[in-house]
$ cat target-v6.cif   # mmCIF, C-alpha atoms and all ligand atoms
data_query
loop_
_atom_site.label_atom_id
_atom_site.label_comp_id
_atom_site.auth_asym_id
_atom_site.auth_seq_id
_atom_site.Cartn_x
_atom_site.Cartn_y
_atom_site.Cartn_z
CA MET N 1 70.25 108.88 96.60
CA ILE N 2 70.67 110.01 93.00
CA LYS N 3 67.85 112.39 92.31
CA VAL N 4 66.88 114.95 89.76
CA ASN N 5 64.57 117.93 89.91
CA ALA N 6 62.30 117.60 86.89
CA ASN N 7 61.66 121.36 86.89
CA GLN N 8 65.30 121.94 85.99
CA VAL N 9 65.21 119.59 83.00
CA ASP N 10 64.48 120.85 79.51
CA PHE N 11 63.95 119.28 76.10
CA ASN N 12 67.62 119.65 75.25
CA GLY N 13 68.55 117.58 78.27
CA ILE N 14 70.87 118.20 81.17
CA ARG N 15 73.93 116.27 82.16
CA LEU N 16 73.95 114.67 85.58
CA TYR N 17 77.25 113.18 86.65
CA GLY N 18 79.25 112.44 89.73
CA HIS N 19 79.46 109.60 92.20
CA GLU N 20 77.23 108.00 94.73
CA LYS N 21 78.21 106.25 97.92
CA VAL N 22 77.82 102.55 97.27
CA SER N 23 76.49 102.15 100.83
CA GLU N 24 73.49 104.19 99.68
CA MET N 25 72.81 101.82 96.79
CA GLU N 26 71.69 98.97 99.06
CA PHE N 27 73.43 96.03 97.44
CA GLU N 28 72.58 93.84 100.41
CA GLY N 29 73.26 90.16 99.99
CA LEU N 30 75.89 90.77 97.33
CA ASP N 31 78.45 92.11 99.78
CA ASN N 32 79.35 88.58 100.87
CA LEU N 33 80.38 87.80 97.29
CA VAL N 34 82.53 90.82 96.57
CA THR N 35 84.05 93.84 98.20
CA PHE N 36 82.36 96.97 96.96
CA PRO N 37 84.30 100.17 96.46
CA GLU N 38 83.25 103.33 98.21
CA LYS N 39 81.82 104.98 95.12
CA MET N 40 79.80 104.27 92.03
CA TYR N 41 80.28 106.73 89.16
CA TYR N 42 77.46 107.87 86.94
CA ASP N 43 77.28 110.05 83.87
CA LEU N 44 73.70 110.58 82.79
CA THR N 45 71.66 112.72 80.48
CA VAL N 46 68.21 113.70 81.67
CA THR N 47 65.83 114.87 78.99
CA LEU N 48 62.33 116.24 79.27
CA VAL N 49 59.77 114.31 77.23
CA ASN N 50 56.01 114.30 77.13
CA GLY N 51 54.72 113.35 80.57
CA GLY N 52 58.06 112.77 82.17
CA ILE N 53 61.81 112.54 81.83
CA VAL N 54 64.15 110.08 80.19
CA VAL N 55 67.40 109.20 81.91
CA SER N 56 70.15 107.65 79.83
CA GLY N 57 73.88 107.24 80.17
CA LYS N 58 76.42 105.08 81.92
CA LEU N 59 77.44 103.68 85.29
CA GLU N 60 80.81 102.49 86.49
CA LEU N 61 81.71 100.44 89.53
CA ASN N 62 84.91 98.57 90.41
CA LEU N 63 84.37 95.35 92.33
CA GLU N 64 87.08 93.54 94.21
CA CYS N 65 86.41 89.86 93.70
CA THR N 66 87.93 86.63 94.93
CA CYS N 67 88.47 83.96 92.28
CA GLY N 68 86.37 80.89 93.02
CA ARG N 69 89.08 78.63 91.59
CA CYS N 70 92.41 80.00 92.83
CA LEU N 71 91.28 82.45 95.56
CA LYS N 72 93.27 85.28 94.03
CA LYS N 73 91.86 88.78 94.48
CA TYR N 74 91.13 90.55 91.24
CA GLU N 75 89.30 93.62 90.10
CA HIS N 76 86.15 93.43 88.04
CA LYS N 77 85.02 96.65 86.47
CA ILE N 78 81.31 97.01 85.83
CA GLN N 79 80.74 99.44 82.99
CA TYR N 80 77.14 99.76 82.00
CA GLY N 81 76.46 102.16 79.15
CA GLU N 82 72.86 101.32 78.42
CA VAL N 83 71.06 103.14 81.17
CA CYS N 84 67.65 104.12 79.79
CA HIS N 85 64.69 104.81 82.02
CA PHE N 86 61.50 106.75 81.73
CA PHE N 87 60.10 108.44 84.81
CA GLU N 88 56.67 109.94 84.97
CA THR N 89 56.87 113.36 86.50
CA GLY N 90 53.26 113.80 87.56
CA GLU N 91 52.88 116.13 90.51
CA LYS N 92 56.27 115.62 92.06
CA SER N 93 59.27 117.46 90.73
CA GLU N 94 61.97 115.57 92.62
CA ILE N 95 62.61 112.10 91.25
CA ASP N 96 64.74 109.43 92.87
CA LEU N 97 66.71 107.51 90.23
CA THR N 98 68.44 105.19 92.70
CA PRO N 99 66.21 102.08 92.48
CA GLU N 100 66.42 101.95 88.66
CA LEU N 101 70.18 102.50 88.62
CA ARG N 102 70.53 99.80 91.23
CA GLU N 103 68.67 97.41 88.89
CA ASP N 104 71.07 98.32 86.08
CA ILE N 105 74.04 97.30 88.20
CA LEU N 106 72.33 94.05 89.20
CA ILE N 107 71.80 93.17 85.51
CA THR N 108 75.53 93.46 84.83
CA PHE N 109 76.67 91.87 88.08
CA PRO N 110 78.99 88.91 87.38
CA GLN N 111 77.32 85.48 87.54
CA ASN N 112 80.47 83.78 88.73
CA PHE N 113 83.78 84.93 90.00
CA ILE N 114 86.74 83.57 88.06
CA CYS N 115 89.92 85.63 87.67
CA SER N 116 90.27 84.48 84.06
CA SER N 117 88.45 81.88 81.96
CA ASP N 118 91.58 79.72 81.78
CA CYS N 119 92.35 79.88 85.50
CA LYS N 120 93.67 76.44 86.47
CA GLY N 121 92.73 76.84 90.11
CA LEU N 122 94.27 75.22 93.14
CA CYS N 123 95.48 71.63 93.31
CA PRO N 124 92.83 69.74 95.30
CA PHE N 125 95.58 67.63 96.86
CA CYS N 126 98.27 70.08 97.97
CA GLY N 127 96.51 73.41 97.55
CA GLY N 128 99.22 74.76 95.25
CA ASN N 129 98.23 77.42 92.74
CA ARG N 130 98.39 75.70 89.36
CA ASN N 131 98.48 79.03 87.55
CA VAL N 132 101.86 79.70 89.12
CA LYS N 133 103.54 76.35 88.53
CA ASN N 134 102.71 72.81 87.57
CA CYS N 135 101.90 70.83 90.65
CA ARG N 136 104.26 67.93 91.29
CA CYS N 137 102.60 66.57 94.39
CA GLY N 138 101.70 62.86 94.64
CA GLY N 139 98.01 63.56 94.22
CA ALA N 140 98.48 65.09 90.81
CA LYS N 141 98.54 61.71 89.03
CA VAL N 142 95.31 60.60 90.67
CA GLY N 143 93.85 63.97 89.79
CA ASN N 144 94.73 63.61 86.13
CA GLU N 145 93.19 60.17 85.88
CA CYS N 146 90.07 61.50 87.46
CA TRP N 147 89.89 64.29 84.91
CA SER N 148 90.44 61.96 81.99
CA GLU N 149 87.42 59.94 83.15
CA LEU N 150 85.40 63.14 83.04
CA ASP N 151 86.73 63.91 79.57
CA LYS N 152 85.43 60.58 78.31
CA LEU N 153 82.01 61.33 79.73
CA ASP N 154 81.93 64.77 78.10
CA LEU N 155 82.90 63.32 74.76
CA ALA N 156 80.16 60.70 74.89
CA SER N 157 77.47 63.20 75.76
CA SER N 158 78.52 65.70 73.10
CA LYS N 159 78.48 62.93 70.48
CA ARG N 160 74.96 62.07 71.49
CA LYS N 161 73.94 65.69 71.16
CA ARG N 162 75.36 65.87 67.67
CA LYS N 163 73.43 62.75 66.66
CA ASN N 164 70.17 64.23 67.88
CA ALA N 165 70.73 67.51 66.09
ZN ZN N 201 91.77 82.21 89.48
ZN ZN N 202 99.31 69.32 94.26
#
$ encode --input "target-v6.cif" --output "structure tokens"
Amino acid sequence: MIKVNANQVDFNGIRLYGHEKVSEMEFEGLDNLVTFPEKMYYDLTVTLVNGGIVVSGKLELNLECTCGRCLKKYEHKIQYGEVCHFFETGEKSEIDLTPELREDILITFPQNFICSSDCKGLCPFCGGNRNVKNCRCGGAKVGNECWSELDKLDLASSKRKRKNA
């Protein structure tokens, strides 16, 4: 839990930094997509404002991902520098920032897992990694023809779009 005691915050702001155990952040459901590291780093400024506190700053988290095309493991670094939340202080002085920071990470969480945008993936016929070398298996020719059919389709549809525009 990343928390702050509002009584210790002043109008000049205090710096709150360190790391939080990722297991405490409750990223359930995402842990089958990626391997989370042990820690998430945060570097925040907490400032007293009228009626509450404002928390701003940045979060950092290194994910270990598996490429959906070639199955290679790669690292994806989440760096979110736009943390900005207002918390009403009210009666309570201790404020838990964890749910809001969790949301920040979810916003920046990758939508798909590809090691690089030009990853060629695995050959569907022999399973060879086409990033490493050009596949020379028998299936490759069939594969190419199949792709060229798709290319034709794409071309036709993009032409239509241009006409409509
Ligand atoms: Zn890949
Ligand atoms: Zn192949």
$ residues_near_ligand --input "target-v6.cif" --ligand "ligand ZN 202 (chain N)" --cutoff "6 Å" --atoms "all atoms listed in the file" --output "VMD selection string"
chain N and resid 123 125 to 128 135 to 137 139 to 140
$ residues_around --input "target-v6.cif" --residues "Lys120 in chain N" --least-positions-apart "5" --cutoff "12 Å" --atoms "all atoms listed in the file" --output "ChimeraX atom specification"
/N:67-72,114-115,127-135
$ closest_residue --input "target-v6.cif" --among "N:Ile14, N:Cys65, N:Ile78, N:Cys119" --to "Asp31 in chain N" --atoms "all atoms listed in the file"
N:Cys65
$ closest_residue --input "target-v6.cif" --among "N:Leu101, N:Leu16, N:Met25, N:Leu44" --to "Ser56 in chain N" --atoms "only C-alpha atoms"
N:Leu44
$ residues_near_point --input "target-v6.cif" --point "(71.3, 99.8, 91.0)" --cutoff "12 Å" --atoms "all atoms listed in the file" --output "tab-separated table (two decimals) with C-alpha atoms, keeping the file's coordinate frame"
chain	number	residue	atom	x	y	z
N	1	MET	CA	70.25	108.88	96.60
N	2	ILE	CA	70.67	110.01	93.00
N	20	GLU	CA	77.23	108.00	94.73
N	21	LYS	CA	78.21	106.25	97.92
N	22	VAL	CA	77.82	102.55	97.27
N	23	SER	CA	76.49	102.15	100.83
N	24	GLU	CA	73.49	104.19	99.68
N	25	MET	CA	72.81	101.82	96.79
N	26	GLU	CA	71.69	98.97	99.06
N	27	PHE	CA	73.43	96.03	97.44
N	28	GLU	CA	72.58	93.84	100.41
N	30	LEU	CA	75.89	90.77	97.33
N	40	MET	CA	79.80	104.27	92.03
N	41	TYR	CA	80.28	106.73	89.16
N	42	TYR	CA	77.46	107.87	86.94
N	58	LYS	CA	76.42	105.08	81.92
N	59	LEU	CA	77.44	103.68	85.29
N	60	GLU	CA	80.81	102.49	86.49
N	61	LEU	CA	81.71	100.44	89.53
N	78	ILE	CA	81.31	97.01	85.83
N	80	TYR	CA	77.14	99.76	82.00
N	83	VAL	CA	71.06	103.14	81.17
N	96	ASP	CA	64.74	109.43	92.87
N	97	LEU	CA	66.71	107.51	90.23
N	98	THR	CA	68.44	105.19	92.70
N	99	PRO	CA	66.21	102.08	92.48
N	100	GLU	CA	66.42	101.95	88.66
N	101	LEU	CA	70.18	102.50	88.62
N	102	ARG	CA	70.53	99.80	91.23
N	103	GLU	CA	68.67	97.41	88.89
N	104	ASP	CA	71.07	98.32	86.08
N	105	ILE	CA	74.04	97.30	88.20
N	106	LEU	CA	72.33	94.05	89.20
N	107	ILE	CA	71.80	93.17	85.51
N	108	THR	CA	75.53	93.46	84.83
N	109	PHE	CA	76.67	91.87	88.08
$ residues_around --input "target-v6.cif" --residues "Glu94 in chain N" --least-positions-apart "4" --cutoff "7 Å" --atoms "all atoms listed in the file" --output "list in words"
Lys3, Val4, Asn5 and Ala6 of chain N
$ closest_residue --input "target-v6.cif" --among "N:Val9, N:Cys84, N:Leu33, N:Ile95" --to "Val55 in chain N" --atoms "all atoms listed in the file"
N:Cys84
$ atom_distance --input "target-v6.cif" --atom1 "CA of Gly81 in chain N" --atom2 "CA of Tyr17 in chain N"
13.4 Å
$ atom_distance --input "target-v6.cif" --atom1 "CA of Lys77 in chain N" --atom2 "CA of Gly121 in chain N"
21.6 Å
$ closest_residue --input "target-v6.cif" --among "N:Phe87, N:Phe11, N:Phe113, N:Phe36" --to "ligand ZN 201 (chain N)" --atoms "all atoms listed in the file"
N:Phe113
$ axis_aligned_box --input "target-v6.cif" --around "range 29-48 of chain N" --padding-each-side "4 Å" --output "lines of an AutoDock Vina configuration file"
center_x = 73.3
center_y = 102.0
center_z = 89.9
size_x = 30.0
size_y = 36.4
size_z = 29.9
$ atom_distance --input "target-v6.cif" --atom1 "CA of His76 in chain N" --atom2 "CA of Gly57 in chain N"
20.1 Å
$ residues_around --input "target-v6.cif" --residues "Phe86 in chain N" --least-positions-apart "6" --cutoff "8 Å" --atoms "only C-alpha atoms" --output "mmCIF file with C-alpha atoms, in the frame of the given file"
data_model
loop_
_atom_site.group_PDB
_atom_site.id
_atom_site.type_symbol
_atom_site.label_atom_id
_atom_site.label_comp_id
_atom_site.auth_asym_id
_atom_site.auth_seq_id
_atom_site.Cartn_x
_atom_site.Cartn_y
_atom_site.Cartn_z
ATOM 1 C CA GLY N 52 58.060 112.770 82.170
ATOM 2 C CA ILE N 53 61.810 112.540 81.830
ATOM 3 C CA VAL N 54 64.150 110.080 80.190
ATOM 4 C CA VAL N 55 67.400 109.200 81.910
#
$ closest_residue --input "target-v6.cif" --among "N:Glu64, N:Glu91, N:Asp118, N:Asp43" --to "ligand ZN 201 (chain N)" --atoms "all atoms listed in the file"
N:Asp118
$ closest_residue --input "target-v6.cif" --among "N:Gln79, N:Thr89, N:Gln8, N:Thr66" --to "Asn50 in chain N" --atoms "all atoms listed in the file"
N:Thr89
